[in-house]
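Structure, as structure tokens:
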There are 2 protein chains.
Amino acid sequence: VVKRIATDRPRQSRALLERGPRARSNKRALILYQATDHFGRNGYESTKWADVAAAAGLESASLYHYFASKRHLLYEIHAGALETDRWRFDRLTPRRRDFATALPLVLNGLFELSAHDMLRKRVSIAAEDLMSVPSSSEGAEIARRRARGLMSDNELAWATFLIRGMEQRAIPEADPRLLTRALLGLYTSIWEWYGPEDEMTLDELREFFVERLLALAGHGEVTATLEM
Amino acid sequence: VVKRIATDRPRQSRALLERGPRARSNKRALILYQATDHFGRNGYESTKWADVAAAAGLESASLYHYFASKRHLLYEIHAGALETDRWRFDRLTPRRRDFATALPLVLNGLFELSAHDMLRKRVSIAAEDLMSVPSSSEGAEIARRRARGLMSDNELAWATFLIRGMEQRAIPEADPRLLTRALLGLYTSIWEWYGPEDEMTLDELREFFVERLLALAGHGEVTATLEM
């Protein structure tokens, strides 16, 4: 018992020391969650700064302690979404896994989304339309550039993966950058009209689109199966 | 000669009578052209009301005599683009033409675009993100509803066309509404990144995407050829 108390004490005091930055980081995460919810449901344009502040339990003025502008929130959400996408992509496409197995896994994985994730997809679409517009606020501009970098990285990861598929003769030769844009373009377009409130289930949607994405890649012979 | 003069006279005086509304209609067309150019090149968000006015040779205040708001311009441009799309679609898909011939014609036709048409595609993308946001100005709201109606009509025309393809066994059975959204979603996504300044030619782009759109529709066996 004595020993346990002894080892716990420094941990507790470290937690106390970190309460400031950690609390701030938790608050930022909560704000981003609420902003995603509002932007996703009501549209980025229609959402007001005060709506996000109220949802996060803050005054409008206090929200500026965490984010510089609505645009800043938008880019941060997009960057976070891109990081999640990339993490999943890397997890499902290890080099030791052959392409013909990995492609259906990755495509099915793209539809493993919660209702909140779907709203985040919509926010990403709004963000992509504003990616080429430099922002005058420093915080927003840093987030915009981070998101731009992540978008390029993701495109490159996809193109590299598709080249592997071409080398393994699992899909026909094609311009990997164009094919990446076709696949991601079709996938992204889904979230322009599909949302958590749609009467079609996510499984039905996945079934239809995984098959079409495979056809688009020229992976016609391989059946789409989920073997996780 | 006497006869010709006699028939021409009433036409001339009608032209004089109509000069007012016709001049106004020409001016509106010019403004929409300039607005498309600015929105398409610099983005809808980044373009200012004064930029459009200046490009059309008007003071900012005078532009309000023609359009109620920037949003009004956006919806009018989108509605115009949808009308053009529909006209081309109907021309290439007469009922007497079998589906297997009509589909490649329609898909190739989607890429017969001038540099200005491509800019208009970008403007349509910006408009679609704002289609669900009612506008407080009457002019903009009427244009928004008109564009919404045209979008539904176009989707229905496509779905009906695809059903014809399924009945003729040219493409496999599928949910025609979903397939429409997949095809149009992939097609629309192209104009998010491709523009008149891209180093890839429009012909190269067309060749790649017509083949992929055919694969997406399940039209794999039929080769994409342009026989106009």
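Within each chain, counting starts at residue 1; across the structure tokens, chains are named A, B, ... in the order shown, with ligands numbered 1 upward in that order.
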Near Gly40 (chain A), counting only C-alpha atoms, which residues have an atom at most 6 Å away, once you skip same-chain residues fewer than 4 positions from it, shown as a list in words?
-> Thr36, Leu119, Arg122 and Val123 of chain A
Wanna dump the chain B-chain A contacts at 10 Å for me, each residue with its shortest atom pair and the distance in Å to one decimal, counting only C-alpha atoms, ordered by chain and number, as JSON lines?
{"residue": "B:Asn42", "atom": "CA", "partner": "A:Val133", "partner_atom": "CA", "distance": 8.6}
{"residue": "B:Gly43", "atom": "CA", "partner": "A:Val133", "partner_atom": "CA", "distance": 8.1}
{"residue": "B:Tyr44", "atom": "CA", "partner": "A:Asp129", "partner_atom": "CA", "distance": 9.3}
{"residue": "B:Glu45", "atom": "CA", "partner": "A:Leu130", "partner_atom": "CA", "distance": 8.0}
{"residue": "B:Ser46", "atom": "CA", "partner": "A:Val133", "partner_atom": "CA", "distance": 7.3}
{"residue": "B:Arg122", "atom": "CA", "partner": "A:Asp129", "partner_atom": "CA", "distance": 9.8}
{"residue": "B:Ile125", "atom": "CA", "partner": "A:Asp129", "partner_atom": "CA", "distance": 8.6}
{"residue": "B:Ala126", "atom": "CA", "partner": "A:Asp129", "partner_atom": "CA", "distance": 7.4}
{"residue": "B:Glu128", "atom": "CA", "partner": "A:Glu192", "partner_atom": "CA", "distance": 8.9}
{"residue": "B:Asp129", "atom": "CA", "partner": "A:Ala126", "partner_atom": "CA", "distance": 7.4}
{"residue": "B:Leu130", "atom": "CA", "partner": "A:Glu45", "partner_atom": "CA", "distance": 8.0}
{"residue": "B:Ser132", "atom": "CA", "partner": "A:Gly43", "partner_atom": "CA", "distance": 8.6}
{"residue": "B:Val133", "atom": "CA", "partner": "A:Ser46", "partner_atom": "CA", "distance": 7.3}
{"residue": "B:Pro134", "atom": "CA", "partner": "A:Ser46", "partner_atom": "CA", "distance": 9.7}
{"residue": "B:Ala174", "atom": "CA", "partner": "A:Phe208", "partner_atom": "CA", "distance": 8.7}
{"residue": "B:Asp175", "atom": "CA", "partner": "A:Phe208", "partner_atom": "CA", "distance": 8.9}
{"residue": "B:Leu178", "atom": "CA", "partner": "A:Phe208", "partner_atom": "CA", "distance": 8.2}
{"residue": "B:Leu179", "atom": "CA", "partner": "A:Phe208", "partner_atom": "CA", "distance": 8.9}
{"residue": "B:Arg181", "atom": "CA", "partner": "A:Ile190", "partner_atom": "CA", "distance": 7.9}
{"residue": "B:Ala182", "atom": "CA", "partner": "A:Leu186", "partner_atom": "CA", "distance": 6.6}
{"residue": "B:Leu183", "atom": "CA", "partner": "A:Leu186", "partner_atom": "CA", "distance": 8.1}
{"residue": "B:Leu184", "atom": "CA", "partner": "A:Ser189", "partner_atom": "CA", "distance": 8.9}
{"residue": "B:Gly185", "atom": "CA", "partner": "A:Ser189", "partner_atom": "CA", "distance": 5.1}
{"residue": "B:Leu186", "atom": "CA", "partner": "A:Leu186", "partner_atom": "CA", "distance": 4.4}
{"residue": "B:Tyr187", "atom": "CA", "partner": "A:Leu186", "partner_atom": "CA", "distance": 8.2}
{"residue": "B:Thr188", "atom": "CA", "partner": "A:Ser189", "partner_atom": "CA", "distance": 8.3}
{"residue": "B:Ser189", "atom": "CA", "partner": "A:Gly185", "partner_atom": "CA", "distance": 5.1}
{"residue": "B:Ile190", "atom": "CA", "partner": "A:Gly185", "partner_atom": "CA", "distance": 7.3}
{"residue": "B:Glu192", "atom": "CA", "partner": "A:Asp129", "partner_atom": "CA", "distance": 8.0}
{"residue": "B:Trp193", "atom": "CA", "partner": "A:Arg181", "partner_atom": "CA", "distance": 8.8}
{"residue": "B:Leu205", "atom": "CA", "partner": "A:Leu178", "partner_atom": "CA", "distance": 8.8}
{"residue": "B:Phe208", "atom": "CA", "partner": "A:Leu178", "partner_atom": "CA", "distance": 8.2}
{"residue": "B:Phe209", "atom": "CA", "partner": "A:Ala182", "partner_atom": "CA", "distance": 8.1}
{"residue": "B:Glu211", "atom": "CA", "partner": "A:Leu216", "partner_atom": "CA", "distance": 9.0}
{"residue": "B:Arg212", "atom": "CA", "partner": "A:Leu216", "partner_atom": "CA", "distance": 5.6}
{"residue": "B:Leu213", "atom": "CA", "partner": "A:Leu216", "partner_atom": "CA", "distance": 7.5}
{"residue": "B:Leu214", "atom": "CA", "partner": "A:Leu216", "partner_atom": "CA", "distance": 8.7}
{"residue": "B:Ala215", "atom": "CA", "partner": "A:Leu216", "partner_atom": "CA", "distance": 5.8}
{"residue": "B:Leu216", "atom": "CA", "partner": "A:Leu216", "partner_atom": "CA", "distance": 5.4}
{"residue": "B:Ala217", "atom": "CA", "partner": "A:Arg212", "partner_atom": "CA", "distance": 8.0}
{"residue": "B:Gly218", "atom": "CA", "partner": "A:Ala215", "partner_atom": "CA", "distance": 7.6}
{"residue": "B:Gly220", "atom": "CA", "partner": "A:Ala215", "partner_atom": "CA", "distance": 8.9}
Please provide as JSON, numbers by chain all residues within 12 Å of Ala100 (chain A), with the sequence filter that same-chain residues fewer than 2 positions apart are discarded (counting only C-alpha atoms).
-> {"A": [93, 96, 97, 98, 102, 103, 104, 105, 106, 107, 161, 162, 164, 165, 166, 167, 168, 169, 170, 171, 214, 217, 218, 219, 220, 221, 222, 223, 224, 225]}
Tell me, as a PyMOL selection string, which residues lie within 9 Å of Arg86 (chain B), counting only C-alpha atoms; anything in the same chain fewer than 3 positions away does not count.
-> chain B and resi 81-83+89-91+150+153-154+157
Just how far from CA of His72 (chain B) is CA of Ala140 (chain A), in Å to one decimal?
-> 28.6 Å
Å distance separating CA of Glu59 (chain A) from CA of Arg28 (chain A), one decimal place |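 Value for the CA of Glu59 (chain A)-CA of Arg28 (chain A) distance: 14.3 Å.
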Name the residues of region 43-194 of chain A that come out as alpha helix (DSSP H) in a backbone DSSP run; write them as a count of residues only.
-> 108
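Across the structure, CA of Tyr66 (chain A) and CA of Ala23 (chain A) are spaced 11.8 Å apart.
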Which residue gives the smallest distance to Ser137 (chain B) among B:Met151, B:Ser60, B:Pro94, B:Leu73, with only C-alpha atoms counted?
->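 Nearest candidate to Ser137 (chain B) out of B:Met151, B:Ser60, B:Pro94, B:Leu73: B:Leu73.
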